[in-house]
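Scroll down for the structure; my scribbles are underneath it.
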Amino acid sequence: MTAEWIRWPANVLARYGGRPVAFGGDYNPEQWDESVWPEDARLMREAGVNLITVGVFSWSVLQPAPDRWNFGWLDRVLDLLHAQDIAVDLATATASPPPWLTTRFPEVMPVDRDGRTMAQGGRQAWSPSSAIYREHSLVLVEKLAERYGEHPALALWHISNELGGHNSRCYDEASAVAFRSWLKERYQGSLDALNSAWTTSAWSQTYSEWEQIQPPRVTFTDSNPTQVLDFDRFSSDQLREQLRAETAVLRRITPDVPITTNLVLFDAGKNMNYSSWTDDMDLIASDHYLRPGPDAHVELGFSADRARGLAKGKPWLLMETATGATSWRPVNPAKRPGQLRRDVLSHVARGSDGICFFQWRAAQAGAERFHSAMLPHAGADSRKFREVVALGKELASYADVLGSEVVADCAVLFSEEAWWAADRNSHPHNGLSYMETALGWYGSLRDAGVTADAVPLTADLSAYRLIVVPMLYLVSDEDAARVAAAAEAGATVLVTYFSGIVDPLDRVRLGGYPGAFRELLGVRVEEFAPLPAPERVEIEGVTGPARVSTWHEEIDLTDAKDEARYVGGDFPGAPAITRATRGEGEAWYVGVELDADARTRLVGVLAERAGVTAVPPVGGLDIVVRRSADHDYVFLINHGDTAATVPGSGTDLLDGSVHEGEVTVPAGGARVVRRGR
Amino acid sequence: MTAEWIRWPANVLARYGGRPVAFGGDYNPEQWDESVWPEDARLMREAGVNLITVGVFSWSVLQPAPDRWNFGWLDRVLDLLHAQDIAVDLATATASPPPWLTTRFPEVMPVDRDGRTMAQGGRQAWSPSSAIYREHSLVLVEKLAERYGEHPALALWHISNELGGHNSRCYDEASAVAFRSWLKERYQGSLDALNSAWTTSAWSQTYSEWEQIQPPRVTFTDSNPTQVLDFDRFSSDQLREQLRAETAVLRRITPDVPITTNLVLFDAGKNMNYSSWTDDMDLIASDHYLRPGPDAHVELGFSADRARGLAKGKPWLLMETATGATSWRPVNPAKRPGQLRRDVLSHVARGSDGICFFQWRAAQAGAERFHSAMLPHAGADSRKFREVVALGKELASYADVLGSEVVADCAVLFSEEAWWAADRNSHPHNGLSYMETALGWYGSLRDAGVTADAVPLTADLSAYRLIVVPMLYLVSDEDAARVAAAAEAGATVLVTYFSGIVDPLDRVRLGGYPGAFRELLGVRVEEFAPLPAPERVEIEGVTGPARVSTWHEEIDLTDAKDEARYVGGDFPGAPAITRATRGEGEAWYVGVELDADARTRLVGVLAERAGVTAVPPVGGLDIVVRRSADHDYVFLINHGDTAATVPGSGTDLLDGSVHEGEVTVPAGGARVVRRGR
Amino acid sequence: MTAEWIRWPANVLARYGGRPVAFGGDYNPEQWDESVWPEDARLMREAGVNLITVGVFSWSVLQPAPDRWNFGWLDRVLDLLHAQDIAVDLATATASPPPWLTTRFPEVMPVDRDGRTMAQGGRQAWSPSSAIYREHSLVLVEKLAERYGEHPALALWHISNELGGHNSRCYDEASAVAFRSWLKERYQGSLDALNSAWTTSAWSQTYSEWEQIQPPRVTFTDSNPTQVLDFDRFSSDQLREQLRAETAVLRRITPDVPITTNLVLFDAGKNMNYSSWTDDMDLIASDHYLRPGPDAHVELGFSADRARGLAKGKPWLLMETATGATSWRPVNPAKRPGQLRRDVLSHVARGSDGICFFQWRAAQAGAERFHSAMLPHAGADSRKFREVVALGKELASYADVLGSEVVADCAVLFSEEAWWAADRNSHPHNGLSYMETALGWYGSLRDAGVTADAVPLTADLSAYRLIVVPMLYLVSDEDAARVAAAAEAGATVLVTYFSGIVDPLDRVRLGGYPGAFRELLGVRVEEFAPLPAPERVEIEGVTGPARVSTWHEEIDLTDAKDEARYVGGDFPGAPAITRATRGEGEAWYVGVELDADARTRLVGVLAERAGVTAVPPVGGLDIVVRRSADHDYVFLINHGDTAATVPGSGTDLLDGSVHEGEVTVPAGGARVVRRGR
């Protein structure tokens, strides 16, 4: 992590003799009696904490009334942290407006698709299109920047919090007005262009005045899909506008302080087109909370790899995660023994140059009182706190890894716009899930021992031997051409069903599916044949015998070879998986939903043909390599129940042990081994 | 189909040398560049299309602003079709109002029971009680009638589209006002009469002014059931008023052009009392979309038989169906090989004198872009289009069948009002479904080889040997008496549990269940005993051993004989199925929910006793006979996986093959065989 | 039942030669033609009815317009009943306002959390905070009291009906205003105190003006939990205010007539803190409707024991129950043969000095038309009515039991506030259910042969040998101390997981779980480990081998001994169940969710150690003893399929049979045996 991403204060640099691996979390001192604070600071230092986020939800305390400001407490908090050589990630405190704002200006409150006003009393009770909110929030940001811009502990600005995590789609009047302005710009003031783009002639929706256009509020039937898609884009852009507006204030007053905002890189963050936000951020910061279940570590890996993809391969920062249970899932299980360390190292392995938690001290009250923390309800005399202390110590030993980059020659393409468009109703199979499909292929890559980048469509694809394109329902001509060009240039490209179907206006590409990829893949499909549960069809070929569910289709080969065929069913003998040679590369198409085993076998075949690095997996071992100018850092994380041994040599960064020829990782344990290049 | 139902243009009659089997579909040229239209017209002709519906959702294009009209494009479309000898079913275009109307008059938009306004952006965003909508829609109808009434291609007026398909229950203020007027008329201006009819003394609901009456908006508890039932009636009547109002305009301007509107004859059409609409229609037109699942063809048959029932046995027209997948179900499977032909012939067999599809050309955009069409996304070079061309050719060969009527001596009684009243909460078992019950008995008739009419309660019952009355929860004294009279006259009547329970005001008939049918059936039930899943009870008798679920009851015989008895359970030895002799006929009662096999065995027994025509089913063969003055047309449709052979003789209408003594239908195939009478 | 609870009219006392066991039900003559009433009165007398509730939903009939009153019909009803020596429980008729009130003052109607107005047309369409409703309702009460206060049939006032059964949580503006007033009083006018109590610093919710405070209306996220809890308290208090306001009117005009209101003592009554209402009632009256399923009688027993707990051990009255099916459940099964008698006696056994039904005559119309009654739709010539007649005769033979009290040395603590707080989201496991947990332990006590009281936290605990504290998530210091004191004094106390977690402001008690009980139990838990289904972990020890689900945790012993340990899982060998000696008693902790069998085995061990009376259960026999000064009345109710014989002697109150040494109860039957003390 370079200096400009976190402006480490001098005393922190002195404490570590250089830049440290970031370690810390959110801190909400305003929820506690001031008498508790010194103990907090002392325990933070004991735990090896060096970066603390404060102020995230402090607006109502900082500005308890329109004309009343209350900064003294925050002054003292920053001084206290600074005295312990701890850097501060200072939030702009705009995440949730105070009750006086929503009481005085009820129009600030969001309205949902059903017309319900989302009241104060929760969080994020503001419409991103509210000019009143915007104005008041910027006054607050200015006040904070002016007061703390020169504070020696200030290392980073933290804009808002999980922007759009709840309020990403608002249907209030301010949103309607702003939507029209956004559309006027997008369609260059031409209502004809909009009517054409939205195909408003369907279902009698032609607009003759801009004022007739509304957000896609609740209707009896599905809304116009292009209207919804443009509203999705608008909504993401409105959040980015808030990010930009706050950034502008901060840049003006504190031009040298880096700025970030914490992204929600899992399902809950679906509604934000983050790949269009990254230019507005100095540091990619991600919040990640495990989802329960056996494949939790697959989703963790994918989230971390998406963060790295957004960071264009550079290091990033895990800004929030949990030491144990979350509090907002239906059931919030604890972490298993050793899991906290494995999870944390999984993020670092994938490029995070630090680990921060929500939150430092477990809340005693409020809706998040059962969320785990670094310092639990039980207090410092607890297993959890001792585990945190050990983790802080361990991370400090990894400073050498800082700035190194992950080695991957495989990419999974991921597009938020395709996600929005794919997960809609009135589709051939409404049960399809873009994210689950991407996770499925990502998990198979992982099972096949392949480290993958998860990258936006705009990423540079030239370095990848294998490019996986899962269910890219919506794609522009340009992006489709870049995928084709990668194949021509030698990559192996894999495209899965329901890809290339529509253009960026959600208009079906005519002439046969999969539209944008028809030529690349050398196939043509005339009709989708989704399979309602529990229907299954057998195939055989490159995957070996397999049963497919959910989706199949009759594929006509126009310029490709079949690699798997249906056995029985409606299309006996017809192709289910195909391969085409394209220039120096290959283009594969999978027209069926494979089960996980068959998918992994297929990935194995492709990896071998493409010549990508694949480490045959041993037990539950997850292996990722970060590379610096001089060294490789091999992260070996053992999710299994037995020790795992793999070939390799190097020095363990934590315990200093030297490994020659093979490295053994105990059950549930992990090693970070450095080797020369 | 007689001349007055579709006024075929002279060039179409010339093209076929007489009236043709109608073949065509919806066409939405306004969604396409005009350059595409000539190709459309040419391909339509190639496919044998002779009837095209245009204008269904064209309001916003025809009248883009209150004072702006745009007819030129439609002129050109009609001319183009006419040039290809294609008749036009011209929609009145009132199905969905343009955005300018709902923007200028937001009170046009429907409000649902929860108080949510249903916005523009979907379809049918109009309250049937809106005077503003009514006024504007009639201006449009008048304009269309005046402009196109003399167009040589005009064969039929198509009022609105699936009236009430979405907006059948509206709770806006205009609906409240109209509801009061409707009630004043129904109760002849007497609030006392209304209070008495609704039993408003229950739960303190007595009205002392008409203005106090509201639609049954959302309440903590169930609403007053009679209020709901009257609101159901009112709502259906309001839709019929729109139908009548548009009809009046058309009749005035184009008195010679027949008029129809397309009915929704499956679950989605529950809210319309179609049996009260038929006098307002020159032609019964039905929309039918398969529901997925193994019994799809049973539901198809029942829908078609309901259409024929509404047409009083005369031919009708399938106005919309799908060549393949729908787009609005959770999963939209394709049709299996051969299924399109079998489905289409199943409708023709049951009296449809034509087949039209939604839609001609698959949409590229809009909420229905994944709905199948005659011309798919893949284009004319596709299996689907070739199948459509073959179908058009085949249907042309069936002109001889036109006007013939289906032969059936069994009827299933079906009542929309009973449907509304039966499928309510606060019932003994809220899981009961009127439609599923009717379908269950209908399917058993079919499995027993019995062709049935599905008729309204007002139908002439004199020709039926077997009359099935499934779960007729609500029935008037008059209708119950007509059923009893049919038994007296010699019919075998079967009544199932939860029938005859309430009068038309949803008031329980006292003295014992099944109320209105107690005397006819000779039984008396004091208490319902629904069976929560998974409880089951065994019976034995006429059905053989069987296990019943969902419902049973202790039946006292007052003037009947038991035909099946409980084994074990709470009523061991008590009757479960009974039979009474009545005049020349019999009256059976089934007080339990039978499984499908036992139900079919029972139907077999009844069919035999009643002497109805039952063709022992062979394999998956569905056999229906249409009869003209001189011929029988035997439709043999094989849903099975193997060829089926049945006794019979005649000439195949399609291939001209002559069959003597037996007819063989290949697996998945169909034949229409003509034989002399 | 003492004279002051029901002021029996002289003619009723003369009819029975003293106070009778109350027997009767709700009667809604206004739903019937007056010609039916004399038959009703005659059949009531025939059935042994002596107490009839009238007027519950009569407001709109009594006051059909603001300035119109209509009492004549009610005069005649009361006279008619009185002439048959039947006492009247006269409702204040305020349960549901008439349409003219909600039409004239729409602000009376409740608004739900989502902002939906709950319309008239159901019942309870009034906000408890509406001043308009309050004013009008009190005028009505005054009118009734003045007119009927001296009527000779009047035995009891029945305020409203199931107060809060539907409208317990209202979010209208009047509620918002009243909530602020309530808060001002609770926090003594200090907004700082409120901000601190609610921890409004979390999520930026600090209030700077009272007017900013709102009910917890719908938000994107969970609301502030303390806000919700205070709103729960406020809402229950508002209902109590209505109870008090009506009581005040009645006390002023008819100071000698006892007053009750019927409580909802099952799940549907969750929202009312009844333990805070009992001082406002002369008689605890309970409504109870069976929930379907095999454990229905367990829930019945618990409900009856809660009623007795609210009555402080004194007799109470079952004001409503069903002779057969309810009408508001998804499936409403009939009662099994003999079940009505068993259910009724189960209530009497647990302290009810009477049995009343909803309702006398089955409704012909309205939302409750399928609810069972004493006089069914079938009429008097019916099994049901004959059963009711027999029941009336039997109950009359139990007059000797009146006033006797149930013998129990075990208590289950039950707190409505803990219920509200425990059943929330954002908890470690949102699937936990306070009521189901209490029922589970109560059922195990019953299976172990232990009769238990179900008592509020404020109950006198000194007489109990065994005190079960299921999932008491929220508890005050004082209440926790009373539990600890009971253990010190010799009781065996059992506390289950997720108890003692928060203080009355829903703030987590720090330092380790289970907070308030940590010292009493001698254990400390640092982290919850809920088990998502289907995860299970094995334990062994005092329960024998058992598999636990849903919840476990790692327990540290600070001053206790382990009684069961985990086998395998994440905490092998760690304690799962613990025991601590405290003074003369013991304190047990169960940190896991046991299956029913293991729980019952554990209860058996505790009962034996505690020396509580436990009658080894024989077959399906339920045994409860009521005790008067001279006698024990042993209720033996056989839910099983075979006769059951137990040791015992005495005289059967119904048939006069004398039993020496053993008593046999036939399958499905019951006996009430009197023995001397």
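Naming scheme: A, B, ... for chains in displayed order of the structure tokens; residues 1 onward per chain; ligands 1 onward as shown.
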Cut-off 6 Å: closest chain B/chain A atom pairs per residue, using only C-alpha atoms, as JSON lines:
```
{"residue": "B:Gln31", "atom": "CA", "partner": "A:Ser201", "partner_atom": "CA", "distance": 5.6}
{"residue": "B:Phe57", "atom": "CA", "partner": "A:Trp203", "partner_atom": "CA", "distance": 5.0}
{"residue": "B:Ser58", "atom": "CA", "partner": "A:Ser204", "partner_atom": "CA", "distance": 5.6}
{"residue": "B:Trp59", "atom": "CA", "partner": "A:Ser204", "partner_atom": "CA", "distance": 5.8}
{"residue": "B:Ser60", "atom": "CA", "partner": "A:Ser204", "partner_atom": "CA", "distance": 4.8}
{"residue": "B:Ser96", "atom": "CA", "partner": "A:Ser204", "partner_atom": "CA", "distance": 5.9}
{"residue": "B:Pro98", "atom": "CA", "partner": "A:Ser204", "partner_atom": "CA", "distance": 5.6}
{"residue": "B:Pro99", "atom": "CA", "partner": "A:Gln205", "partner_atom": "CA", "distance": 6.0}
{"residue": "B:Thr103", "atom": "CA", "partner": "A:Gln212", "partner_atom": "CA", "distance": 5.7}
{"residue": "B:Met118", "atom": "CA", "partner": "A:Thr219", "partner_atom": "CA", "distance": 4.6}
{"residue": "B:Ala119", "atom": "CA", "partner": "A:Thr219", "partner_atom": "CA", "distance": 5.1}
{"residue": "B:Gly121", "atom": "CA", "partner": "A:Ser223", "partner_atom": "CA", "distance": 5.2}
{"residue": "B:Gly122", "atom": "CA", "partner": "A:Ser223", "partner_atom": "CA", "distance": 4.7}
{"residue": "B:Arg123", "atom": "CA", "partner": "A:Trp203", "partner_atom": "CA", "distance": 5.9}
{"residue": "B:Ser327", "atom": "CA", "partner": "A:Ser426", "partner_atom": "CA", "distance": 5.0}
{"residue": "B:Trp328", "atom": "CA", "partner": "A:Ser426", "partner_atom": "CA", "distance": 4.9}
{"residue": "B:Pro330", "atom": "CA", "partner": "A:Asn430", "partner_atom": "CA", "distance": 5.2}
{"residue": "B:Val331", "atom": "CA", "partner": "A:His429", "partner_atom": "CA", "distance": 4.4}
{"residue": "B:Asn332", "atom": "CA", "partner": "A:Pro428", "partner_atom": "CA", "distance": 5.1}
{"residue": "B:Pro333", "atom": "CA", "partner": "A:Pro530", "partner_atom": "CA", "distance": 5.2}
{"residue": "B:Ala334", "atom": "CA", "partner": "A:Ala529", "partner_atom": "CA", "distance": 5.1}
{"residue": "B:Gln364", "atom": "CA", "partner": "A:Val508", "partner_atom": "CA", "distance": 4.9}
{"residue": "B:Ala365", "atom": "CA", "partner": "A:Arg507", "partner_atom": "CA", "distance": 4.8}
{"residue": "B:Gly366", "atom": "CA", "partner": "A:Asn224", "partner_atom": "CA", "distance": 5.5}
{"residue": "B:Ala367", "atom": "CA", "partner": "A:Asn224", "partner_atom": "CA", "distance": 5.7}
{"residue": "B:His377", "atom": "CA", "partner": "A:Leu510", "partner_atom": "CA", "distance": 5.1}
{"residue": "B:Ala378", "atom": "CA", "partner": "A:Gly512", "partner_atom": "CA", "distance": 4.0}
{"residue": "B:Gly379", "atom": "CA", "partner": "A:Gly511", "partner_atom": "CA", "distance": 5.7}
```
Go ahead and save the residues from that selection, with C-alpha atoms, as an mmCIF file, in the first residue's frame.
```
data_model
loop_
_atom_site.group_PDB
_atom_site.id
_atom_site.type_symbol
_atom_site.label_atom_id
_atom_site.label_comp_id
_atom_site.auth_asym_id
_atom_site.auth_seq_id
_atom_site.Cartn_x
_atom_site.Cartn_y
_atom_site.Cartn_z
ATOM 1 C CA GLN B 31 -42.532 -1.367 -31.914
ATOM 2 C CA PHE B 57 -51.475 -1.085 -26.988
ATOM 3 C CA SER B 58 -51.354 1.756 -29.500
ATOM 4 C CA TRP B 59 -53.137 4.506 -27.601
ATOM 5 C CA SER B 60 -49.980 6.465 -26.729
ATOM 6 C CA SER B 96 -53.538 0.975 -21.488
ATOM 7 C CA PRO B 98 -50.953 6.958 -22.373
ATOM 8 C CA PRO B 99 -48.685 8.604 -19.808
ATOM 9 C CA THR B 103 -49.923 12.404 -15.466
ATOM 10 C CA MET B 118 -50.581 1.360 -9.333
ATOM 11 C CA ALA B 119 -48.399 3.597 -11.449
ATOM 12 C CA GLY B 121 -45.020 2.011 -16.503
ATOM 13 C CA GLY B 122 -46.744 -1.368 -16.538
ATOM 14 C CA ARG B 123 -50.106 -1.863 -18.212
ATOM 15 C CA SER B 327 -42.652 -14.793 -20.289
ATOM 16 C CA TRP B 328 -44.573 -14.020 -17.127
ATOM 17 C CA PRO B 330 -41.502 -17.907 -12.713
ATOM 18 C CA VAL B 331 -40.133 -20.476 -15.158
ATOM 19 C CA ASN B 332 -41.222 -20.380 -18.792
ATOM 20 C CA PRO B 333 -40.462 -23.703 -20.416
ATOM 21 C CA ALA B 334 -40.461 -24.211 -24.164
ATOM 22 C CA GLN B 364 -37.131 -7.018 -28.991
ATOM 23 C CA ALA B 365 -37.820 -4.927 -25.922
ATOM 24 C CA GLY B 366 -40.437 -4.306 -23.282
ATOM 25 C CA ALA B 367 -41.657 -6.568 -20.520
ATOM 26 C CA HIS B 377 -35.929 -13.630 -32.354
ATOM 27 C CA ALA B 378 -33.963 -16.044 -34.486
ATOM 28 C CA GLY B 379 -35.966 -14.941 -37.550
#
```
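Counting only C-alpha atoms, B:Thr278 has the following residues at most 9 Å away, ignoring those fewer than 5 positions along the same chain: Leu283, Ile284, Leu310 and Ala311 of chain B.
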Put those residues in a file: N, CA, C and O atoms, as a CSV table (one decimal), in the first residue's frame.
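Generated output (selection23.csv):
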```csv
chain,number,residue,atom,x,y,z
B,283,LEU,N,-68.8,-12.6,-30.5
B,283,LEU,CA,-67.9,-13.7,-30.7
B,283,LEU,C,-67.2,-14.0,-29.3
B,283,LEU,O,-66.7,-13.0,-28.8
B,284,ILE,N,-67.3,-15.2,-28.9
B,284,ILE,CA,-66.5,-15.5,-27.7
B,284,ILE,C,-65.1,-15.8,-28.1
B,284,ILE,O,-64.8,-16.7,-28.8
B,310,LEU,N,-69.4,-20.8,-22.6
B,310,LEU,CA,-69.8,-19.4,-22.7
B,310,LEU,C,-70.4,-19.1,-24.1
B,310,LEU,O,-71.3,-18.2,-24.2
B,311,ALA,N,-69.9,-19.8,-25.1
B,311,ALA,CA,-70.5,-19.6,-26.5
B,311,ALA,C,-71.7,-20.4,-26.7
B,311,ALA,O,-72.2,-20.5,-27.8
```
All residues 10 Å or closer to A:Val618, only C-alpha atoms, same chain fewer than 4 positions away omitted, as a list in words: Asp447, Gly449, Asp622, Ile623, Asn638, Gly640, Ala643, Ala644, Thr645 and Val646 of chain A
Could those residues be written to a file, using all heavy atoms, as a compact mmCIF listing (two decimals), in the first residue's frame?
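File again13.txt, as written:
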```
# COMPACT_ATOMS: atom_id res chain seq x y z
N ASP A 447 -11.62 -24.87 -6.94
CA ASP A 447 -11.49 -26.31 -6.73
C ASP A 447 -10.48 -26.92 -7.69
O ASP A 447 -9.88 -27.95 -7.40
CB ASP A 447 -12.85 -27.01 -6.90
CG ASP A 447 -13.79 -26.69 -5.74
OD1 ASP A 447 -13.30 -26.21 -4.70
OD2 ASP A 447 -15.00 -26.92 -5.88
N GLY A 449 -7.86 -25.43 -8.51
CA GLY A 449 -6.54 -24.92 -8.15
C GLY A 449 -6.11 -23.69 -8.92
O GLY A 449 -4.92 -23.37 -8.97
N ASP A 622 -6.15 -23.73 0.46
CA ASP A 622 -6.37 -22.60 -0.44
C ASP A 622 -5.02 -21.90 -0.60
O ASP A 622 -4.42 -21.48 0.39
CB ASP A 622 -7.41 -21.69 0.23
CG ASP A 622 -7.74 -20.46 -0.60
OD1 ASP A 622 -7.53 -20.48 -1.83
OD2 ASP A 622 -8.21 -19.48 0.01
N ILE A 623 -4.54 -21.82 -1.83
CA ILE A 623 -3.20 -21.28 -2.06
C ILE A 623 -3.25 -20.08 -2.98
O ILE A 623 -3.83 -20.14 -4.07
CB ILE A 623 -2.27 -22.35 -2.70
CG1 ILE A 623 -2.22 -23.59 -1.81
CG2 ILE A 623 -0.87 -21.79 -2.95
CD1 ILE A 623 -1.37 -24.72 -2.36
N ASN A 638 -5.45 -23.57 5.30
CA ASN A 638 -5.99 -24.92 5.34
C ASN A 638 -7.39 -24.93 5.96
O ASN A 638 -7.55 -24.85 7.18
CB ASN A 638 -5.04 -25.83 6.12
CG ASN A 638 -5.46 -27.27 6.03
OD1 ASN A 638 -6.52 -27.59 5.48
ND2 ASN A 638 -4.63 -28.16 6.57
N GLY A 640 -9.26 -27.46 5.89
CA GLY A 640 -9.61 -28.85 6.13
C GLY A 640 -9.40 -29.31 7.56
O GLY A 640 -8.88 -28.58 8.42
N ALA A 643 -3.95 -32.03 8.45
CA ALA A 643 -2.79 -31.28 7.97
C ALA A 643 -2.61 -31.55 6.47
O ALA A 643 -2.95 -32.62 5.98
CB ALA A 643 -1.53 -31.70 8.74
N ALA A 644 -2.09 -30.56 5.77
CA ALA A 644 -1.89 -30.71 4.33
C ALA A 644 -0.44 -30.35 4.00
O ALA A 644 0.10 -29.37 4.53
CB ALA A 644 -2.84 -29.81 3.57
N THR A 645 0.15 -31.15 3.13
CA THR A 645 1.55 -30.90 2.76
C THR A 645 1.63 -30.71 1.24
O THR A 645 1.07 -31.49 0.48
CB THR A 645 2.43 -32.10 3.17
OG1 THR A 645 2.31 -32.25 4.59
CG2 THR A 645 3.88 -31.85 2.79
N VAL A 646 2.31 -29.65 0.85
CA VAL A 646 2.48 -29.38 -0.58
C VAL A 646 3.95 -29.11 -0.86
O VAL A 646 4.69 -28.68 0.03
CB VAL A 646 1.65 -28.16 -1.02
CG1 VAL A 646 0.17 -28.50 -1.07
CG2 VAL A 646 1.91 -26.96 -0.14
```
Length of the atom CA of A:Asp460 to atom CA of A:Lys314 vector [Å]: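 These atoms are spaced 13.6 Å apart.
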Non-local contacts of stretch 264-277 of chain A (9 Å; only C-alpha atoms; under 6 positions in same chain excluded) as a count of residues only: 40
Alpha helix (DSSP H) per DSSP on the backbone: members of stretch 177-394 of chain A, as a count of residues only: 84
Interatomic distance (Å, one decimal) between atom CA of C:Gly48 and atom CA of C:Tyr16: 10.3 Å
Atomic separation - atom CA of C:Leu318 relative to atom CA of C:Gln339, Å: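 The value is 16.5 Å.
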Contacts of stretch 579-585 of chain A within 8 Å, only C-alpha atoms, excl. fewer than 5 positions in-chain, as a ChimeraX atom specification: /A:486-493,520-522,559-563
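Across stretch 174-331 of chain B, DSSP run on the backbone finds strand (DSSP E or B) at Ile259, Thr260, Thr261, Asn262, Leu263, Val264, Leu283, Ile284, Ala285, Ser286, Asp287, Trp316, Leu317, Leu318, Met319, Glu320 and Val331 of chain B.
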Selection near C:Gly611, 9 Å with only C-alpha atoms, sequence-local residues under 4 positions removed, as a list in words: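 Answer for this query is Arg465, Leu466, Leu606 and Ala607 of chain C.
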Got time to write the residues from that selection, all heavy atoms, as a compact mmCIF listing (two decimals), in the first residue's frame?
```
# COMPACT_ATOMS: atom_id res chain seq x y z
N ARG C 465 -41.14 -24.96 45.18
CA ARG C 465 -39.92 -25.78 45.35
C ARG C 465 -39.10 -25.72 44.06
O ARG C 465 -37.88 -25.85 44.10
CB ARG C 465 -40.29 -27.25 45.61
CG ARG C 465 -41.20 -27.53 46.78
CD ARG C 465 -40.50 -27.46 48.14
NE ARG C 465 -39.16 -27.98 48.10
CZ ARG C 465 -38.12 -27.44 48.74
NH1 ARG C 465 -38.30 -26.35 49.49
NH2 ARG C 465 -36.93 -27.98 48.67
N LEU C 466 -39.78 -25.58 42.96
CA LEU C 466 -39.10 -25.58 41.66
C LEU C 466 -39.57 -24.37 40.86
O LEU C 466 -40.78 -24.14 40.72
CB LEU C 466 -39.43 -26.87 40.89
CG LEU C 466 -38.85 -27.00 39.46
CD1 LEU C 466 -37.32 -26.96 39.48
CD2 LEU C 466 -39.32 -28.32 38.82
N LEU C 606 -34.85 -32.76 38.18
CA LEU C 606 -34.99 -31.57 39.02
C LEU C 606 -36.17 -31.70 39.97
O LEU C 606 -36.08 -31.29 41.14
CB LEU C 606 -35.16 -30.32 38.14
CG LEU C 606 -33.86 -29.58 37.87
CD1 LEU C 606 -33.00 -30.38 36.90
CD2 LEU C 606 -34.14 -28.20 37.30
N ALA C 607 -37.27 -32.25 39.45
CA ALA C 607 -38.46 -32.40 40.30
C ALA C 607 -38.13 -33.27 41.50
O ALA C 607 -38.50 -32.98 42.64
CB ALA C 607 -39.60 -32.99 39.49
```
Who sits within 10 Å of C:Arg674, only C-alpha atoms, same chain under 6 positions skipped, as a PyMOL selection string: chain C and resi 400-401+625-627+630-635+649-653+656+658-659
